[in-house]
file query.txt (compact mmCIF, C-alpha atoms)
# COMPACT_ATOMS: atom_id res chain seq x y z
CA MET A 345 30.52 -45.29 45.54
CA ASN A 346 31.36 -41.56 45.55
CA ILE A 347 32.65 -41.84 42.00
CA SER A 348 29.34 -43.31 40.86
CA ILE A 349 27.31 -40.52 42.40
CA LYS A 350 29.59 -37.86 40.87
CA HIS A 351 29.33 -39.59 37.52
CA LEU A 352 25.55 -39.84 37.86
CA ALA A 353 25.30 -36.15 38.85
CA GLY A 354 27.43 -35.10 35.87
CA THR A 355 25.34 -37.20 33.50
CA LEU A 356 22.13 -35.77 34.94
CA THR A 357 23.48 -32.20 34.57
CA LEU A 358 24.44 -32.89 30.97
CA LEU A 359 21.00 -34.36 30.27
CA LEU A 360 19.21 -31.34 31.80
CA ALA A 361 21.41 -28.90 29.88
CA THR A 362 20.73 -30.74 26.61
CA THR A 363 16.98 -30.71 27.30
CA PHE A 364 17.05 -27.00 28.10
CA VAL A 365 18.93 -26.17 24.89
CA ALA A 366 16.58 -28.35 22.83
CA CYS A 367 13.52 -26.63 24.31
CA ASN A 368 15.06 -23.21 23.84
CA THR A 369 15.82 -23.98 20.18
CA SER A 370 12.21 -24.94 19.48
CA ALA A 371 11.06 -21.72 21.16
CA ASN A 372 13.41 -19.76 18.88
CA LYS A 373 12.03 -21.57 15.85
CA GLU A 374 8.50 -20.64 16.92
CA LYS A 375 9.53 -16.98 17.28
CA GLN A 376 11.15 -17.06 13.83
CA ALA A 377 7.99 -18.59 12.35
CA GLU A 378 5.87 -15.86 13.98
CA THR A 379 8.18 -13.17 12.60
CA THR A 380 8.02 -14.66 9.11
CA GLU A 381 4.22 -14.86 9.21
CA THR A 382 3.95 -11.27 10.44
CA ALA A 383 6.25 -10.00 7.69
CA SER A 384 4.18 -11.66 4.97
CA VAL A 385 0.87 -10.12 6.11
CA VAL A 386 -0.54 -7.68 3.55
CA ASP A 387 -0.51 -4.07 4.64
CA THR A 388 -4.05 -2.82 5.19
CA MET A 389 -3.26 0.90 5.40
CA LYS A 390 -5.70 2.67 3.11
CA LEU A 391 -5.22 5.71 0.91
CA GLN A 392 -6.26 8.83 2.84
CA PHE A 393 -8.25 10.75 0.25
CA ASN A 394 -10.68 13.26 1.76
CA ILE A 395 -13.11 13.97 -1.06
CA ALA A 396 -15.21 16.30 1.14
CA GLU A 397 -12.47 18.98 1.01
CA VAL A 398 -12.13 18.82 -2.77
CA ASP A 399 -13.67 21.79 -4.55
CA THR A 400 -13.05 20.59 -8.12
CA MET A 401 -11.26 17.65 -9.67
CA SER A 402 -9.63 17.70 -13.10
CA LEU A 403 -8.60 14.74 -15.22
CA LEU A 404 -5.56 14.64 -17.51
CA PHE A 405 -4.83 11.93 -20.07
CA PRO A 406 -1.24 11.20 -21.21
CA ASP A 407 -2.01 11.78 -24.90
CA SER A 408 -3.64 15.17 -24.39
CA ASN A 409 -2.93 18.42 -22.57
CA GLU A 410 -6.63 19.03 -22.16
CA GLN A 411 -8.13 18.99 -18.66
CA ARG A 412 -11.60 17.63 -18.07
CA ILE A 413 -13.58 18.59 -14.97
CA ILE A 414 -15.04 15.59 -13.10
CA SER A 415 -18.69 15.98 -12.09
CA GLU A 416 -19.51 16.06 -8.38
CA ALA A 417 -21.35 12.72 -8.56
CA ASP A 418 -18.40 11.01 -10.28
CA ARG A 419 -15.97 12.73 -7.92
CA ASN A 420 -17.80 11.24 -4.94
CA LYS A 421 -17.84 7.75 -6.51
CA LEU A 422 -14.13 8.01 -7.28
CA GLY A 423 -13.38 9.21 -3.76
CA GLU A 424 -15.15 6.19 -2.24
CA ALA A 425 -13.47 3.73 -4.62
CA LEU A 426 -9.99 5.24 -4.30
CA ALA A 427 -10.21 5.31 -0.50
CA LEU A 428 -10.19 1.48 -0.61
CA SER A 429 -6.72 1.44 -2.21
CA VAL A 430 -4.17 -0.38 -0.05
CA ASN A 431 -0.59 0.67 0.72
CA ASP A 432 2.07 -0.91 -1.51
CA THR A 433 4.51 -1.87 1.25
CA LEU A 434 7.21 -3.15 -1.11
CA TRP A 435 7.53 0.02 -3.18
CA ASN A 436 7.03 2.42 -0.25
CA ASN A 437 9.44 0.79 2.18
CA SER A 438 12.19 -0.58 -0.05
CA GLY A 439 13.73 2.72 -1.13
CA ILE A 440 13.99 1.47 -4.72
CA MET A 441 13.75 3.87 -7.61
CA VAL A 442 10.88 3.04 -9.95
CA LYS A 443 10.85 4.16 -13.56
CA MET A 444 7.29 4.23 -14.85
CA VAL A 445 5.65 5.15 -18.12
CA ALA A 446 3.22 8.05 -18.06
CA PRO A 447 0.11 7.29 -15.99
CA ASP A 448 -3.09 6.37 -17.79
CA TYR A 449 -4.96 8.95 -15.70
CA THR A 450 -3.91 11.92 -13.61
CA LEU A 451 -6.43 13.44 -11.24
CA ILE A 452 -5.74 16.92 -9.91
CA SER A 453 -7.74 17.85 -6.83
CA HIS A 454 -8.28 21.54 -6.12
CA TYR A 455 -9.16 22.27 -2.49
CA LYS A 456 -11.51 24.89 -1.11
CA GLY A 457 -9.66 28.00 0.09
CA LYS A 458 -6.22 26.75 -1.02
CA THR A 459 -3.87 27.88 -3.77
CA SER A 460 -3.04 25.83 -6.85
CA ASP A 461 0.34 25.04 -5.26
CA GLN A 462 -1.58 23.05 -2.65
CA ASN A 463 -3.41 20.88 -5.20
CA SER A 464 -2.91 17.14 -4.87
CA TRP A 465 -2.07 14.88 -7.79
CA LEU A 466 -3.21 11.27 -7.98
CA MET A 467 -1.86 9.14 -10.81
CA ILE A 468 -3.28 5.78 -11.91
CA TRP A 469 -1.62 3.05 -14.00
CA LYS A 470 -3.94 0.43 -15.50
CA GLU A 471 -1.15 -2.05 -16.31
CA ASN A 472 -0.28 -2.86 -12.71
CA GLY A 473 -3.32 -1.48 -10.87
CA ARG A 474 -1.23 0.98 -8.91
CA THR A 475 -1.88 4.55 -7.93
CA LYS A 476 0.41 7.18 -6.47
CA PHE A 477 -0.85 9.86 -4.13
CA ASP A 478 1.21 12.20 -1.91
CA ASN A 479 4.41 10.37 -2.93
CA LYS A 480 3.06 7.03 -1.69
CA TRP A 481 2.19 3.98 -3.80
CA TYR A 482 -1.07 2.07 -3.42
CA PHE A 483 -2.82 -0.87 -5.08
CA LEU A 484 -6.30 -0.11 -6.35
CA ASP A 485 -8.96 -2.30 -4.77
CA GLU A 486 -9.58 -5.24 -7.12
CA SER A 487 -13.36 -4.97 -6.80
CA LYS A 488 -13.32 -1.23 -7.69
CA LYS A 489 -10.77 -1.11 -10.54
CA ALA A 490 -13.31 -1.59 -13.33
CA GLU A 491 -15.61 1.06 -11.85
CA ILE A 492 -12.73 3.57 -11.53
CA TYR A 493 -11.58 2.95 -15.11
CA GLN A 494 -15.13 3.18 -16.46
CA ILE A 495 -15.77 6.54 -14.78
CA LEU A 496 -12.46 7.99 -15.96
CA ASP A 497 -12.78 6.62 -19.50
CA SER A 498 -16.17 8.28 -19.83
CA TYR A 499 -14.36 11.66 -19.87
CA LYS A 500 -12.25 10.87 -22.96

call {"tool": "encode", "arguments": {"input": "query.txt", "output": "structure tokens"}}
result
Amino acid sequence: MNISIKHLAGTLTLLLATTFVACNTSANKEKQAETTETASVVDTMKLQFNIAEVDTMSLLFPDSNEQRIISEADRNKLGEALALSVNDTLWNNSGIMVKMVAPDYTLISHYKGKTSDQNSWLMIWKENGRTKFDNKWYFLDESKKAEIYQILDSYK
């Protein structure tokens, strides 16, 4: 009879260990699924463009060396629309080198009380809807792209 109890105890231990491992595996799968879902979430960090500090804004086109001054009303509209641009996580975090053609628009912001060395440059590419500001890449907001392009094209 002692052999039967030892055999039964061993079988029970094996069954409990198998159940524990099976439950632990499903918990790991759930954690992996959560990690995958988190990694695929779109970054919602917005472009930090403080239009209130901008004294004047100039526009450059790739086919011309001429600078056009953006009116205050258009500057404010652009500031609101550009502030909705979302961080391009792939290009900013991957460390890849990106070779781009000249931007369709280059905005140079001149700040009150600062030298021209402290100007900020914001470049916009129509082809892929990206913008680059302070060495960071952003996607233009889909609902504001047309408005941004229309304002900037009016200065051609």

call {"tool": "atom_distance", "arguments": {"input": "query.txt", "atom1": "CA of Asn472 (chain A)", "atom2": "CA of Val398 (chain A)"}}
result
26.6 Å

call {"tool": "closest_residue", "arguments": {"input": "query.txt", "among": "A:Ala396, A:Met467, A:Leu434, A:Met444", "to": "Arg419 (chain A)", "atoms": "all atoms listed in the file"}}
result
A:Ala396

call {"tool": "closest_residue", "arguments": {"input": "query.txt", "among": "A:Glu410, A:Asp461, A:Asp418, A:Asp432", "to": "Ile492 (chain A)", "atoms": "only C-alpha atoms"}}
result
A:Asp418

call {"tool": "residues_around", "arguments": {"input": "query.txt", "residues": "region 473-477 of chain A", "least_positions_apart": "4", "cutoff": "9 Å", "atoms": "all atoms listed in the file", "output": "list in words"}}
result
Leu391, Gln392, Phe393, Leu426, Ser429, Asp432, Pro447, Ser464, Trp465, Leu466, Met467, Ile468, Trp469, Trp481, Tyr482, Phe483, Leu484, Asp485, Glu486 and Lys489 of chain A

call {"tool": "write_last_selection", "arguments": {"input": "query.txt", "atoms": "C-alpha atoms", "output": "PDB file, in the frame of the given file"}}
result
ATOM      1  CA  LEU A 391      -5.220   5.710   0.910  1.00  0.00           C
ATOM      2  CA  GLN A 392      -6.260   8.830   2.840  1.00  0.00           C
ATOM      3  CA  PHE A 393      -8.250  10.750   0.250  1.00  0.00           C
ATOM      4  CA  LEU A 426      -9.990   5.240  -4.300  1.00  0.00           C
ATOM      5  CA  SER A 429      -6.720   1.440  -2.210  1.00  0.00           C
ATOM      6  CA  ASP A 432       2.070  -0.910  -1.510  1.00  0.00           C
ATOM      7  CA  PRO A 447       0.110   7.290 -15.990  1.00  0.00           C
ATOM      8  CA  SER A 464      -2.910  17.140  -4.870  1.00  0.00           C
ATOM      9  CA  TRP A 465      -2.070  14.880  -7.790  1.00  0.00           C
ATOM     10  CA  LEU A 466      -3.210  11.270  -7.980  1.00  0.00           C
ATOM     11  CA  MET A 467      -1.860   9.140 -10.810  1.00  0.00           C
ATOM     12  CA  ILE A 468      -3.280   5.780 -11.910  1.00  0.00           C
ATOM     13  CA  TRP A 469      -1.620   3.050 -14.000  1.00  0.00           C
ATOM     14  CA  TRP A 481       2.190   3.980  -3.800  1.00  0.00           C
ATOM     15  CA  TYR A 482      -1.070   2.070  -3.420  1.00  0.00           C
ATOM     16  CA  PHE A 483      -2.820  -0.870  -5.080  1.00  0.00           C
ATOM     17  CA  LEU A 484      -6.300  -0.110  -6.350  1.00  0.00           C
ATOM     18  CA  ASP A 485      -8.960  -2.300  -4.770  1.00  0.00           C
ATOM     19  CA  GLU A 486      -9.580  -5.240  -7.120  1.00  0.00           C
ATOM     20  CA  LYS A 489     -10.770  -1.110 -10.540  1.00  0.00           C
TER      21      LYS A 489
END

call {"tool": "residues_near_point", "arguments": {"input": "query.txt", "point": "(-5.0, 16.6, -12.7)", "cutoff": "9 Å", "atoms": "only C-alpha atoms", "output": "PyMOL selection string"}}
result
chain A and resi 401-405+411-412+449-454+463-467

call {"tool": "atom_distance", "arguments": {"input": "query.txt", "atom1": "CA of Lys470 (chain A)", "atom2": "CA of Val445 (chain A)"}}
result
11.0 Å

call {"tool": "closest_residue", "arguments": {"input": "query.txt", "among": "A:Asn479, A:Gly457, A:Ile395, A:Asp448", "to": "Asp497 (chain A)", "atoms": "all atoms listed in the file"}}
result
A:Asp448

call {"tool": "closest_residue", "arguments": {"input": "query.txt", "among": "A:Ala417, A:Lys480, A:Met389, A:Tyr493", "to": "Val430 (chain A)", "atoms": "only C-alpha atoms"}}
result
A:Met389

call {"tool": "atom_distance", "arguments": {"input": "query.txt", "atom1": "CA of Asn420 (chain A)", "atom2": "CA of Ile495 (chain A)"}}
result
11.1 Å

call {"tool": "axis_aligned_box", "arguments": {"input": "query.txt", "around": "region 405-416 of chain A", "padding_each_side": "8 Å", "output": "lines of an AutoDock Vina configuration file"}}
result
center_x = -10.4
center_y = 15.1
center_z = -16.6
size_x = 34.3
size_y = 23.8
size_z = 32.5

call {"tool": "residues_near_point", "arguments": {"input": "query.txt", "point": "(-15.8, 19.5, -8.3)", "cutoff": "6 Å", "atoms": "all atoms listed in the file", "output": "count of residues only"}}
result
5

call {"tool": "closest_residue", "arguments": {"input": "query.txt", "among": "A:Ile440, A:Leu422, A:Ala427, A:Ala446", "to": "Ala490 (chain A)", "atoms": "all atoms listed in the file"}}
result
A:Leu422
